[in-house]
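Source file: input_32.txt (compact mmCIF, N, CA and C atoms)
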# COMPACT_ATOMS: atom_id res chain seq x y z
N MET A 1 15.26 6.89 -2.18
CA MET A 1 14.61 8.20 -2.19
C MET A 1 14.04 8.49 -3.58
N TYR A 2 12.98 9.26 -3.60
CA TYR A 2 12.28 9.58 -4.84
C TYR A 2 13.21 10.17 -5.89
N ASP A 3 14.06 11.13 -5.49
CA ASP A 3 14.91 11.84 -6.44
C ASP A 3 15.94 10.94 -7.12
N GLU A 4 16.26 9.81 -6.53
CA GLU A 4 17.25 8.90 -7.09
C GLU A 4 16.66 7.97 -8.16
N ILE A 5 15.35 7.92 -8.24
CA ILE A 5 14.68 7.03 -9.19
C ILE A 5 14.55 7.73 -10.53
N LYS A 6 14.95 7.03 -11.59
CA LYS A 6 14.97 7.61 -12.94
C LYS A 6 14.05 6.84 -13.87
N ILE A 7 13.52 7.54 -14.87
CA ILE A 7 12.74 6.88 -15.91
C ILE A 7 13.64 5.85 -16.59
N GLY A 8 13.10 4.65 -16.75
CA GLY A 8 13.87 3.55 -17.33
C GLY A 8 14.42 2.58 -16.30
N ASP A 9 14.46 2.98 -15.02
CA ASP A 9 14.93 2.07 -13.97
C ASP A 9 14.04 0.83 -13.94
N GLU A 10 14.66 -0.33 -13.69
CA GLU A 10 13.94 -1.59 -13.67
C GLU A 10 14.36 -2.44 -12.48
N ALA A 11 13.47 -3.33 -12.05
CA ALA A 11 13.79 -4.32 -11.02
C ALA A 11 12.89 -5.52 -11.24
N GLU A 12 13.30 -6.66 -10.66
CA GLU A 12 12.50 -7.88 -10.80
C GLU A 12 12.68 -8.80 -9.60
N ILE A 13 11.76 -9.74 -9.50
CA ILE A 13 11.82 -10.77 -8.47
C ILE A 13 11.21 -12.03 -9.07
N SER A 14 11.75 -13.19 -8.69
CA SER A 14 11.28 -14.47 -9.24
C SER A 14 10.94 -15.45 -8.14
N LYS A 15 10.08 -16.41 -8.48
CA LYS A 15 9.78 -17.53 -7.57
C LYS A 15 9.19 -18.67 -8.37
N VAL A 16 9.39 -19.87 -7.85
CA VAL A 16 8.74 -21.06 -8.40
C VAL A 16 7.43 -21.23 -7.64
N VAL A 17 6.33 -21.39 -8.37
CA VAL A 17 5.01 -21.57 -7.77
C VAL A 17 4.87 -23.04 -7.33
N THR A 18 4.56 -23.23 -6.07
CA THR A 18 4.47 -24.57 -5.50
C THR A 18 3.04 -24.95 -5.14
N GLU A 19 2.84 -26.21 -4.90
CA GLU A 19 1.57 -26.71 -4.39
C GLU A 19 1.22 -25.99 -3.09
N GLU A 20 2.22 -25.84 -2.23
CA GLU A 20 2.01 -25.17 -0.94
C GLU A 20 1.55 -23.72 -1.13
N ASP A 21 2.11 -23.01 -2.11
CA ASP A 21 1.69 -21.64 -2.39
C ASP A 21 0.19 -21.59 -2.70
N ILE A 22 -0.26 -22.52 -3.54
CA ILE A 22 -1.66 -22.53 -3.95
C ILE A 22 -2.56 -22.87 -2.77
N GLN A 23 -2.15 -23.85 -1.97
CA GLN A 23 -2.95 -24.21 -0.79
C GLN A 23 -3.05 -23.04 0.19
N LYS A 24 -1.92 -22.42 0.49
CA LYS A 24 -1.92 -21.31 1.45
C LYS A 24 -2.71 -20.12 0.92
N PHE A 25 -2.54 -19.81 -0.37
CA PHE A 25 -3.27 -18.68 -0.93
C PHE A 25 -4.77 -18.94 -0.89
N SER A 26 -5.16 -20.16 -1.19
CA SER A 26 -6.57 -20.52 -1.14
C SER A 26 -7.14 -20.31 0.27
N GLU A 27 -6.35 -20.68 1.28
CA GLU A 27 -6.79 -20.51 2.66
C GLU A 27 -6.91 -19.03 3.04
N VAL A 28 -5.93 -18.25 2.67
CA VAL A 28 -5.91 -16.83 3.02
C VAL A 28 -6.99 -16.05 2.26
N SER A 29 -7.12 -16.33 0.98
CA SER A 29 -8.03 -15.56 0.13
C SER A 29 -9.47 -16.07 0.15
N LEU A 30 -9.66 -17.29 0.60
CA LEU A 30 -10.95 -17.98 0.56
C LEU A 30 -11.38 -18.33 -0.87
N ASP A 31 -10.45 -18.25 -1.82
CA ASP A 31 -10.73 -18.64 -3.20
C ASP A 31 -10.46 -20.15 -3.33
N THR A 32 -11.53 -20.92 -3.22
CA THR A 32 -11.42 -22.38 -3.28
C THR A 32 -11.92 -22.92 -4.62
N ASN A 33 -11.82 -22.12 -5.65
CA ASN A 33 -12.21 -22.56 -6.98
C ASN A 33 -11.49 -23.88 -7.28
N PRO A 34 -12.23 -24.93 -7.68
CA PRO A 34 -11.59 -26.22 -7.94
C PRO A 34 -10.59 -26.18 -9.10
N LEU A 35 -10.64 -25.16 -9.91
CA LEU A 35 -9.64 -25.00 -10.97
C LEU A 35 -8.22 -24.94 -10.38
N HIS A 36 -8.13 -24.46 -9.14
CA HIS A 36 -6.84 -24.36 -8.47
C HIS A 36 -6.53 -25.56 -7.58
N LEU A 37 -7.56 -26.26 -7.13
CA LEU A 37 -7.38 -27.25 -6.06
C LEU A 37 -7.71 -28.69 -6.44
N ASP A 38 -8.44 -28.91 -7.50
CA ASP A 38 -8.93 -30.25 -7.83
C ASP A 38 -8.42 -30.67 -9.22
N GLU A 39 -7.50 -31.61 -9.24
CA GLU A 39 -6.87 -32.04 -10.50
C GLU A 39 -7.90 -32.62 -11.47
N GLU A 40 -8.85 -33.40 -10.97
CA GLU A 40 -9.87 -34.00 -11.83
C GLU A 40 -10.73 -32.93 -12.48
N PHE A 41 -11.19 -31.97 -11.68
CA PHE A 41 -11.99 -30.87 -12.22
C PHE A 41 -11.19 -30.08 -13.25
N ALA A 42 -9.97 -29.69 -12.87
CA ALA A 42 -9.14 -28.87 -13.76
C ALA A 42 -8.81 -29.59 -15.06
N GLY A 43 -8.70 -30.92 -15.00
CA GLY A 43 -8.40 -31.70 -16.20
C GLY A 43 -9.47 -31.60 -17.26
N LYS A 44 -10.66 -31.22 -16.88
CA LYS A 44 -11.79 -31.10 -17.82
C LYS A 44 -11.94 -29.68 -18.35
N THR A 45 -11.03 -28.78 -17.98
CA THR A 45 -11.10 -27.39 -18.42
C THR A 45 -10.16 -27.15 -19.61
N ILE A 46 -10.19 -25.96 -20.14
CA ILE A 46 -9.29 -25.62 -21.26
C ILE A 46 -7.82 -25.68 -20.85
N PHE A 47 -7.54 -25.64 -19.54
CA PHE A 47 -6.15 -25.66 -19.08
C PHE A 47 -5.60 -27.07 -18.95
N LYS A 48 -6.46 -28.07 -18.84
CA LYS A 48 -6.12 -29.49 -18.76
C LYS A 48 -5.47 -29.93 -17.46
N LYS A 49 -5.11 -28.98 -16.62
CA LYS A 49 -4.57 -29.29 -15.29
C LYS A 49 -4.75 -28.06 -14.41
N ARG A 50 -4.46 -28.22 -13.12
CA ARG A 50 -4.64 -27.13 -12.16
C ARG A 50 -3.75 -25.95 -12.51
N ILE A 51 -4.28 -24.75 -12.24
CA ILE A 51 -3.51 -23.53 -12.44
C ILE A 51 -3.44 -22.77 -11.11
N ALA A 52 -2.43 -21.94 -11.00
CA ALA A 52 -2.28 -21.07 -9.83
C ALA A 52 -3.30 -19.93 -9.91
N HIS A 53 -3.67 -19.40 -8.77
CA HIS A 53 -4.50 -18.20 -8.73
C HIS A 53 -3.72 -17.08 -9.45
N GLY A 54 -4.39 -16.35 -10.30
CA GLY A 54 -3.71 -15.28 -11.04
C GLY A 54 -3.07 -14.24 -10.12
N ILE A 55 -3.70 -14.00 -8.99
CA ILE A 55 -3.21 -12.98 -8.07
C ILE A 55 -1.89 -13.39 -7.42
N ILE A 56 -1.58 -14.68 -7.40
CA ILE A 56 -0.27 -15.08 -6.89
C ILE A 56 0.82 -14.45 -7.76
N GLY A 57 0.65 -14.52 -9.06
CA GLY A 57 1.62 -13.87 -9.95
C GLY A 57 1.61 -12.36 -9.79
N ALA A 58 0.42 -11.79 -9.69
CA ALA A 58 0.31 -10.34 -9.54
C ALA A 58 0.93 -9.87 -8.23
N SER A 59 0.87 -10.70 -7.20
CA SER A 59 1.43 -10.29 -5.91
C SER A 59 2.94 -10.10 -5.98
N LEU A 60 3.58 -10.76 -6.94
CA LEU A 60 5.03 -10.55 -7.08
C LEU A 60 5.34 -9.12 -7.55
N ILE A 61 4.41 -8.51 -8.27
CA ILE A 61 4.59 -7.10 -8.65
C ILE A 61 4.67 -6.25 -7.38
N SER A 62 3.75 -6.50 -6.46
CA SER A 62 3.77 -5.79 -5.19
C SER A 62 5.08 -6.03 -4.45
N ALA A 63 5.58 -7.25 -4.50
CA ALA A 63 6.84 -7.56 -3.84
C ALA A 63 8.00 -6.75 -4.41
N VAL A 64 8.06 -6.63 -5.73
CA VAL A 64 9.13 -5.83 -6.34
C VAL A 64 9.01 -4.37 -5.92
N LEU A 65 7.79 -3.83 -6.02
CA LEU A 65 7.59 -2.42 -5.69
C LEU A 65 7.90 -2.12 -4.23
N GLY A 66 7.55 -3.02 -3.34
CA GLY A 66 7.72 -2.78 -1.91
C GLY A 66 9.09 -3.10 -1.36
N THR A 67 9.87 -3.91 -2.10
CA THR A 67 11.17 -4.32 -1.56
C THR A 67 12.36 -3.91 -2.41
N LYS A 68 12.14 -3.63 -3.70
CA LYS A 68 13.28 -3.34 -4.58
C LYS A 68 13.20 -1.97 -5.24
N LEU A 69 12.13 -1.71 -5.98
CA LEU A 69 12.01 -0.45 -6.71
C LEU A 69 10.55 -0.02 -6.70
N PRO A 70 10.21 1.04 -6.03
CA PRO A 70 11.04 1.98 -5.28
C PRO A 70 11.52 1.47 -3.92
N GLY A 71 10.90 0.41 -3.38
CA GLY A 71 11.37 -0.16 -2.12
C GLY A 71 10.59 0.29 -0.91
N VAL A 72 11.25 0.19 0.23
CA VAL A 72 10.63 0.50 1.52
C VAL A 72 10.00 1.89 1.50
N ASN A 73 8.87 2.02 2.17
CA ASN A 73 8.13 3.28 2.29
C ASN A 73 7.47 3.70 0.97
N THR A 74 7.06 2.70 0.20
CA THR A 74 6.32 2.93 -1.03
C THR A 74 4.84 2.71 -0.75
N ILE A 75 4.00 3.60 -1.24
CA ILE A 75 2.55 3.46 -1.10
C ILE A 75 2.00 3.05 -2.46
N TYR A 76 1.45 1.85 -2.53
CA TYR A 76 0.89 1.28 -3.76
C TYR A 76 -0.48 1.92 -3.98
N MET A 77 -0.63 2.71 -5.01
CA MET A 77 -1.86 3.47 -5.25
C MET A 77 -2.85 2.75 -6.19
N SER A 78 -2.33 2.18 -7.28
CA SER A 78 -3.23 1.49 -8.21
C SER A 78 -2.45 0.53 -9.09
N GLN A 79 -3.22 -0.40 -9.70
CA GLN A 79 -2.62 -1.42 -10.56
C GLN A 79 -3.67 -1.90 -11.55
N THR A 80 -3.30 -1.97 -12.82
CA THR A 80 -4.14 -2.66 -13.80
C THR A 80 -3.49 -4.01 -14.06
N LEU A 81 -4.32 -5.00 -14.36
CA LEU A 81 -3.81 -6.36 -14.60
C LEU A 81 -4.50 -6.95 -15.82
N ASN A 82 -3.72 -7.51 -16.70
CA ASN A 82 -4.22 -8.26 -17.85
C ASN A 82 -3.66 -9.67 -17.72
N PHE A 83 -4.53 -10.65 -17.50
CA PHE A 83 -4.10 -12.03 -17.34
C PHE A 83 -4.08 -12.69 -18.72
N LEU A 84 -2.89 -13.01 -19.19
CA LEU A 84 -2.71 -13.45 -20.58
C LEU A 84 -2.53 -14.95 -20.74
N ALA A 85 -2.00 -15.61 -19.72
CA ALA A 85 -1.72 -17.05 -19.83
C ALA A 85 -1.72 -17.64 -18.42
N PRO A 86 -2.00 -18.94 -18.32
CA PRO A 86 -2.02 -19.57 -17.01
C PRO A 86 -0.63 -19.78 -16.43
N VAL A 87 -0.59 -19.88 -15.10
CA VAL A 87 0.62 -20.25 -14.38
C VAL A 87 0.33 -21.61 -13.73
N TYR A 88 1.21 -22.55 -13.97
CA TYR A 88 1.03 -23.91 -13.46
C TYR A 88 1.97 -24.16 -12.27
N ILE A 89 1.61 -25.16 -11.48
CA ILE A 89 2.49 -25.59 -10.39
C ILE A 89 3.83 -25.98 -10.99
N GLY A 90 4.90 -25.46 -10.40
CA GLY A 90 6.25 -25.72 -10.90
C GLY A 90 6.79 -24.66 -11.83
N ASP A 91 5.94 -23.77 -12.32
CA ASP A 91 6.42 -22.68 -13.18
C ASP A 91 7.25 -21.71 -12.35
N GLU A 92 8.31 -21.21 -12.95
CA GLU A 92 9.07 -20.11 -12.34
C GLU A 92 8.58 -18.83 -12.99
N ILE A 93 8.04 -17.93 -12.17
CA ILE A 93 7.54 -16.67 -12.70
C ILE A 93 8.40 -15.51 -12.20
N THR A 94 8.56 -14.53 -13.06
CA THR A 94 9.36 -13.35 -12.75
C THR A 94 8.53 -12.11 -12.99
N ALA A 95 8.42 -11.28 -11.95
CA ALA A 95 7.72 -9.99 -12.07
C ALA A 95 8.77 -8.91 -12.30
N ARG A 96 8.52 -8.09 -13.31
CA ARG A 96 9.42 -6.98 -13.64
C ARG A 96 8.64 -5.68 -13.63
N VAL A 97 9.26 -4.65 -13.09
CA VAL A 97 8.68 -3.32 -13.12
C VAL A 97 9.66 -2.36 -13.78
N LYS A 98 9.13 -1.40 -14.50
CA LYS A 98 9.97 -0.40 -15.19
C LYS A 98 9.33 0.97 -15.02
N VAL A 99 10.12 1.93 -14.57
CA VAL A 99 9.64 3.30 -14.41
C VAL A 99 9.41 3.90 -15.80
N VAL A 100 8.19 4.39 -16.03
CA VAL A 100 7.87 4.99 -17.33
C VAL A 100 7.54 6.48 -17.23
N LYS A 101 7.21 6.95 -16.02
CA LYS A 101 6.83 8.36 -15.86
C LYS A 101 6.92 8.71 -14.38
N LYS A 102 7.22 9.97 -14.10
CA LYS A 102 7.22 10.48 -12.73
C LYS A 102 6.42 11.77 -12.66
N ARG A 103 5.80 11.99 -11.52
CA ARG A 103 5.09 13.24 -11.26
C ARG A 103 5.72 13.85 -10.02
N ASP A 104 6.67 14.75 -10.23
CA ASP A 104 7.51 15.28 -9.16
C ASP A 104 6.73 16.03 -8.08
N ASP A 105 5.68 16.77 -8.46
CA ASP A 105 4.96 17.57 -7.46
C ASP A 105 4.25 16.70 -6.42
N LYS A 106 3.94 15.45 -6.76
CA LYS A 106 3.24 14.54 -5.84
C LYS A 106 4.10 13.34 -5.43
N HIS A 107 5.33 13.28 -5.96
CA HIS A 107 6.22 12.14 -5.71
C HIS A 107 5.56 10.82 -6.13
N MET A 108 4.93 10.85 -7.30
CA MET A 108 4.27 9.67 -7.83
C MET A 108 5.11 9.10 -8.97
N ILE A 109 5.11 7.76 -9.05
CA ILE A 109 5.88 7.06 -10.07
C ILE A 109 4.96 6.08 -10.78
N PHE A 110 5.00 6.10 -12.11
CA PHE A 110 4.20 5.21 -12.94
C PHE A 110 5.11 4.11 -13.49
N PHE A 111 4.63 2.87 -13.42
CA PHE A 111 5.42 1.71 -13.83
C PHE A 111 4.69 0.90 -14.89
N GLU A 112 5.45 0.36 -15.81
CA GLU A 112 5.00 -0.74 -16.66
C GLU A 112 5.29 -1.99 -15.85
N THR A 113 4.32 -2.92 -15.78
CA THR A 113 4.52 -4.14 -15.02
C THR A 113 4.27 -5.35 -15.92
N VAL A 114 5.07 -6.39 -15.71
CA VAL A 114 4.92 -7.61 -16.48
C VAL A 114 5.36 -8.80 -15.62
N VAL A 115 4.66 -9.91 -15.78
CA VAL A 115 5.07 -11.17 -15.17
C VAL A 115 5.24 -12.16 -16.31
N VAL A 116 6.40 -12.83 -16.34
CA VAL A 116 6.69 -13.82 -17.37
C VAL A 116 6.96 -15.17 -16.72
N ASN A 117 6.79 -16.23 -17.48
CA ASN A 117 7.13 -17.55 -16.97
C ASN A 117 8.56 -17.92 -17.39
N GLN A 118 8.98 -19.13 -17.07
CA GLN A 118 10.34 -19.57 -17.33
C GLN A 118 10.69 -19.60 -18.82
N ASP A 119 9.68 -19.59 -19.67
CA ASP A 119 9.92 -19.57 -21.12
C ASP A 119 9.91 -18.15 -21.69
N GLY A 120 9.76 -17.15 -20.81
CA GLY A 120 9.71 -15.76 -21.25
C GLY A 120 8.33 -15.35 -21.74
N LYS A 121 7.35 -16.23 -21.61
CA LYS A 121 5.98 -15.91 -22.05
C LYS A 121 5.33 -14.98 -21.04
N LYS A 122 4.73 -13.90 -21.53
CA LYS A 122 4.02 -12.97 -20.66
C LYS A 122 2.76 -13.64 -20.14
N VAL A 123 2.62 -13.67 -18.81
CA VAL A 123 1.40 -14.22 -18.22
C VAL A 123 0.52 -13.13 -17.64
N ILE A 124 1.12 -12.00 -17.26
CA ILE A 124 0.38 -10.84 -16.75
C ILE A 124 1.08 -9.57 -17.24
N THR A 125 0.30 -8.59 -17.67
CA THR A 125 0.83 -7.26 -17.97
C THR A 125 -0.04 -6.24 -17.27
N GLY A 126 0.48 -5.04 -17.16
CA GLY A 126 -0.31 -3.97 -16.56
C GLY A 126 0.50 -2.73 -16.29
N GLU A 127 -0.10 -1.85 -15.50
CA GLU A 127 0.55 -0.60 -15.10
C GLU A 127 0.29 -0.38 -13.62
N ALA A 128 1.27 0.19 -12.96
CA ALA A 128 1.13 0.48 -11.53
C ALA A 128 1.45 1.95 -11.27
N LEU A 129 0.86 2.47 -10.21
CA LEU A 129 1.13 3.82 -9.74
C LEU A 129 1.46 3.75 -8.26
N VAL A 130 2.56 4.36 -7.87
CA VAL A 130 2.95 4.40 -6.46
C VAL A 130 3.30 5.81 -6.06
N LYS A 131 3.28 6.03 -4.76
CA LYS A 131 3.76 7.28 -4.17
C LYS A 131 4.99 6.93 -3.34
N LYS A 132 6.03 7.74 -3.47
CA LYS A 132 7.30 7.47 -2.79
C LYS A 132 7.84 8.75 -2.16
N ASP A 133 8.12 8.69 -0.87
CA ASP A 133 8.75 9.85 -0.20
C ASP A 133 10.25 9.82 -0.38
As structure tokens, the full file:
Amino acid sequence: MYDEIKIGDEAEISKVVTEEDIQKFSEVSLDTNPLHLDEEFAGKTIFKKRIAHGIIGASLISAVLGTKLPGVNTIYMSQTLNFLAPVYIGDEITARVKVVKKRDDKHMIFFETVVVNQDGKKVITGEALVKKD
């Protein structure tokens, strides 16, 4: 419930990014950029190998908001995203959200959002706004 959520509350979710994740996301999103799918092409880029779609990492933010904090019956209103570093196949990424502000009259909650890799390096940062009954 909205009233139980406090400024400073945090939650997170983690996953290892797999080849299958990239293939399935490419099919669903229609993003067939060879940077994600073609090792030879990706090897000639600044990344030197294939990278995951940035939105795969960002989608974990949605997973935290919808399943952990605030959880079920959350309406995702907006999100800013800053893509800071690539995510590679085999990386374990963790999305964390932290309550930074609440607007009681509208039951809105503002979050700081971050996705880090297994080395603690920030790969995505941003802010989210949700509505919670």
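Atom C of Thr80 (chain A) to atom N of Thr113 (chain A) spans 8.1 Å [interatomic distance, one decimal].
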* Do a neighbour search on region 86-88 of chain A at 9 Å with only C-alpha atoms, toss out local chain neighbours closer than 6 positions, and write the hits as a list in words. => Val17, Thr18, Phe47, Lys49, Arg50, Ile51, Ala52, His53, Gly54, Gly57, Asn117 and Val123 of chain A
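Going from atom N of Ile93 (chain A) over to CA of Lys44 (chain A), you cover 24.5 Å.
In terms of minimum interatomic distance to Lys121 (chain A), A:Leu84 ranks closest within A:Asp21, A:Leu84, A:Gly71, A:Gly8, counting only N, CA and C atoms.
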* Asked: What's the 6 Å shell around Ile124 (chain A), counting all atoms listed in the file, without same-chain residues fewer than 6 positions away, as a count of residues only?
  -> 8
* To do: Determine, counting only N, CA and C atoms, which protein, DNA and RNA residues have an atom within 8 Å of an atom of Pro34 (chain A); residues of the same chain fewer than 4 positions away are not included. Present the result as a VMD selection string.
  => chain A and resid 38 to 43 50 to 51
Supply region 95-106 of chain A as a PDB file, in the coordinates of the input, with all heavy atoms built in where the input has gaps.
ATOM      1  N   ALA A  95       8.420 -11.280 -11.950  1.00  0.00           N
ATOM      2  CA  ALA A  95       7.720  -9.990 -12.070  1.00  0.00           C
ATOM      3  C   ALA A  95       8.770  -8.910 -12.300  1.00  0.00           C
ATOM      4  O   ALA A  95       9.773  -8.843 -11.590  1.00  0.00           O
ATOM      5  CB  ALA A  95       6.929  -9.695 -10.803  1.00  0.00           C
ATOM      6  N   ARG A  96       8.520  -8.090 -13.310  1.00  0.00           N
ATOM      7  CA  ARG A  96       9.420  -6.980 -13.640  1.00  0.00           C
ATOM      8  C   ARG A  96       8.640  -5.680 -13.630  1.00  0.00           C
ATOM      9  O   ARG A  96       7.504  -5.625 -14.111  1.00  0.00           O
ATOM     10  CB  ARG A  96      10.025  -7.164 -15.032  1.00  0.00           C
ATOM     11  CG  ARG A  96      10.914  -8.349 -15.149  1.00  0.00           C
ATOM     12  CD  ARG A  96      11.634  -8.385 -16.500  1.00  0.00           C
ATOM     13  NE  ARG A  96      12.438  -9.580 -16.566  1.00  0.00           N
ATOM     14  CZ  ARG A  96      12.181 -10.631 -17.339  1.00  0.00           C
ATOM     15  NH1 ARG A  96      11.143 -10.599 -18.145  1.00  0.00           N
ATOM     16  NH2 ARG A  96      12.957 -11.689 -17.316  1.00  0.00           N
ATOM     17  N   VAL A  97       9.260  -4.650 -13.090  1.00  0.00           N
ATOM     18  CA  VAL A  97       8.680  -3.320 -13.120  1.00  0.00           C
ATOM     19  C   VAL A  97       9.660  -2.360 -13.780  1.00  0.00           C
ATOM     20  O   VAL A  97      10.873  -2.523 -13.640  1.00  0.00           O
ATOM     21  CB  VAL A  97       8.273  -2.819 -11.714  1.00  0.00           C
ATOM     22  CG1 VAL A  97       7.300  -3.791 -11.057  1.00  0.00           C
ATOM     23  CG2 VAL A  97       9.469  -2.581 -10.825  1.00  0.00           C
ATOM     24  N   LYS A  98       9.130  -1.400 -14.500  1.00  0.00           N
ATOM     25  CA  LYS A  98       9.970  -0.400 -15.190  1.00  0.00           C
ATOM     26  C   LYS A  98       9.330   0.970 -15.020  1.00  0.00           C
ATOM     27  O   LYS A  98       8.137   1.140 -15.305  1.00  0.00           O
ATOM     28  CB  LYS A  98      10.085  -0.750 -16.672  1.00  0.00           C
ATOM     29  CG  LYS A  98      10.942   0.234 -17.454  1.00  0.00           C
ATOM     30  CD  LYS A  98      11.043  -0.199 -18.903  1.00  0.00           C
ATOM     31  CE  LYS A  98      11.894   0.767 -19.693  1.00  0.00           C
ATOM     32  NZ  LYS A  98      12.016   0.341 -21.112  1.00  0.00           N
ATOM     33  N   VAL A  99      10.120   1.930 -14.570  1.00  0.00           N
ATOM     34  CA  VAL A  99       9.640   3.300 -14.410  1.00  0.00           C
ATOM     35  C   VAL A  99       9.410   3.900 -15.800  1.00  0.00           C
ATOM     36  O   VAL A  99      10.318   3.920 -16.631  1.00  0.00           O
ATOM     37  CB  VAL A  99      10.662   4.172 -13.629  1.00  0.00           C
ATOM     38  CG1 VAL A  99      10.178   5.612 -13.538  1.00  0.00           C
ATOM     39  CG2 VAL A  99      10.940   3.592 -12.250  1.00  0.00           C
ATOM     40  N   VAL A 100       8.190   4.390 -16.030  1.00  0.00           N
ATOM     41  CA  VAL A 100       7.870   4.990 -17.330  1.00  0.00           C
ATOM     42  C   VAL A 100       7.540   6.480 -17.230  1.00  0.00           C
ATOM     43  O   VAL A 100       7.591   7.192 -18.227  1.00  0.00           O
ATOM     44  CB  VAL A 100       6.723   4.241 -18.053  1.00  0.00           C
ATOM     45  CG1 VAL A 100       7.165   2.836 -18.434  1.00  0.00           C
ATOM     46  CG2 VAL A 100       5.457   4.204 -17.232  1.00  0.00           C
ATOM     47  N   LYS A 101       7.210   6.950 -16.020  1.00  0.00           N
ATOM     48  CA  LYS A 101       6.830   8.360 -15.860  1.00  0.00           C
ATOM     49  C   LYS A 101       6.920   8.710 -14.380  1.00  0.00           C
ATOM     50  O   LYS A 101       6.696   7.864 -13.513  1.00  0.00           O
ATOM     51  CB  LYS A 101       5.403   8.550 -16.373  1.00  0.00           C
ATOM     52  CG  LYS A 101       4.866   9.949 -16.339  1.00  0.00           C
ATOM     53  CD  LYS A 101       3.458   9.970 -16.936  1.00  0.00           C
ATOM     54  CE  LYS A 101       2.693  11.197 -16.525  1.00  0.00           C
ATOM     55  NZ  LYS A 101       1.287  11.153 -16.988  1.00  0.00           N
ATOM     56  N   LYS A 102       7.220   9.970 -14.100  1.00  0.00           N
ATOM     57  CA  LYS A 102       7.220  10.480 -12.730  1.00  0.00           C
ATOM     58  C   LYS A 102       6.420  11.770 -12.660  1.00  0.00           C
ATOM     59  O   LYS A 102       6.389  12.534 -13.625  1.00  0.00           O
ATOM     60  CB  LYS A 102       8.663  10.755 -12.273  1.00  0.00           C
ATOM     61  CG  LYS A 102       9.501   9.507 -12.106  1.00  0.00           C
ATOM     62  CD  LYS A 102      10.943   9.829 -11.754  1.00  0.00           C
ATOM     63  CE  LYS A 102      11.055  10.371 -10.344  1.00  0.00           C
ATOM     64  NZ  LYS A 102      12.445  10.663  -9.954  1.00  0.00           N
ATOM     65  N   ARG A 103       5.800  11.990 -11.520  1.00  0.00           N
ATOM     66  CA  ARG A 103       5.090  13.240 -11.260  1.00  0.00           C
ATOM     67  C   ARG A 103       5.720  13.850 -10.020  1.00  0.00           C
ATOM     68  O   ARG A 103       5.372  13.503  -8.892  1.00  0.00           O
ATOM     69  CB  ARG A 103       3.596  12.996 -11.075  1.00  0.00           C
ATOM     70  CG  ARG A 103       2.839  14.280 -10.892  1.00  0.00           C
ATOM     71  CD  ARG A 103       1.362  14.093 -10.909  1.00  0.00           C
ATOM     72  NE  ARG A 103       0.756  15.332 -10.430  1.00  0.00           N
ATOM     73  CZ  ARG A 103      -0.508  15.474 -10.166  1.00  0.00           C
ATOM     74  NH1 ARG A 103      -1.344  14.466 -10.351  1.00  0.00           N
ATOM     75  NH2 ARG A 103      -0.966  16.620  -9.709  1.00  0.00           N
ATOM     76  N   ASP A 104       6.670  14.750 -10.230  1.00  0.00           N
ATOM     77  CA  ASP A 104       7.510  15.280  -9.160  1.00  0.00           C
ATOM     78  C   ASP A 104       6.730  16.030  -8.080  1.00  0.00           C
ATOM     79  O   ASP A 104       7.073  15.942  -6.902  1.00  0.00           O
ATOM     80  CB  ASP A 104       8.598  16.178  -9.730  1.00  0.00           C
ATOM     81  CG  ASP A 104       9.602  15.413 -10.587  1.00  0.00           C
ATOM     82  OD1 ASP A 104       9.727  14.186 -10.405  1.00  0.00           O
ATOM     83  OD2 ASP A 104      10.249  16.050 -11.436  1.00  0.00           O
ATOM     84  N   ASP A 105       5.680  16.770  -8.460  1.00  0.00           N
ATOM     85  CA  ASP A 105       4.960  17.570  -7.460  1.00  0.00           C
ATOM     86  C   ASP A 105       4.250  16.700  -6.420  1.00  0.00           C
ATOM     87  O   ASP A 105       4.017  17.136  -5.292  1.00  0.00           O
ATOM     88  CB  ASP A 105       3.957  18.517  -8.133  1.00  0.00           C
ATOM     89  CG  ASP A 105       2.853  17.799  -8.889  1.00  0.00           C
ATOM     90  OD1 ASP A 105       3.124  16.730  -9.479  1.00  0.00           O
ATOM     91  OD2 ASP A 105       1.712  18.310  -8.903  1.00  0.00           O
ATOM     92  N   LYS A 106       3.940  15.450  -6.760  1.00  0.00           N
ATOM     93  CA  LYS A 106       3.240  14.540  -5.840  1.00  0.00           C
ATOM     94  C   LYS A 106       4.100  13.340  -5.430  1.00  0.00           C
ATOM     95  O   LYS A 106       3.627  12.472  -4.696  1.00  0.00           O
ATOM     96  CB  LYS A 106       1.955  14.015  -6.505  1.00  0.00           C
ATOM     97  CG  LYS A 106       0.968  15.089  -6.885  1.00  0.00           C
ATOM     98  CD  LYS A 106       0.027  15.357  -5.754  1.00  0.00           C
ATOM     99  CE  LYS A 106      -1.058  16.313  -6.242  1.00  0.00           C
ATOM    100  NZ  LYS A 106      -1.987  16.632  -5.204  1.00  0.00           N
TER     101      LYS A 106
END
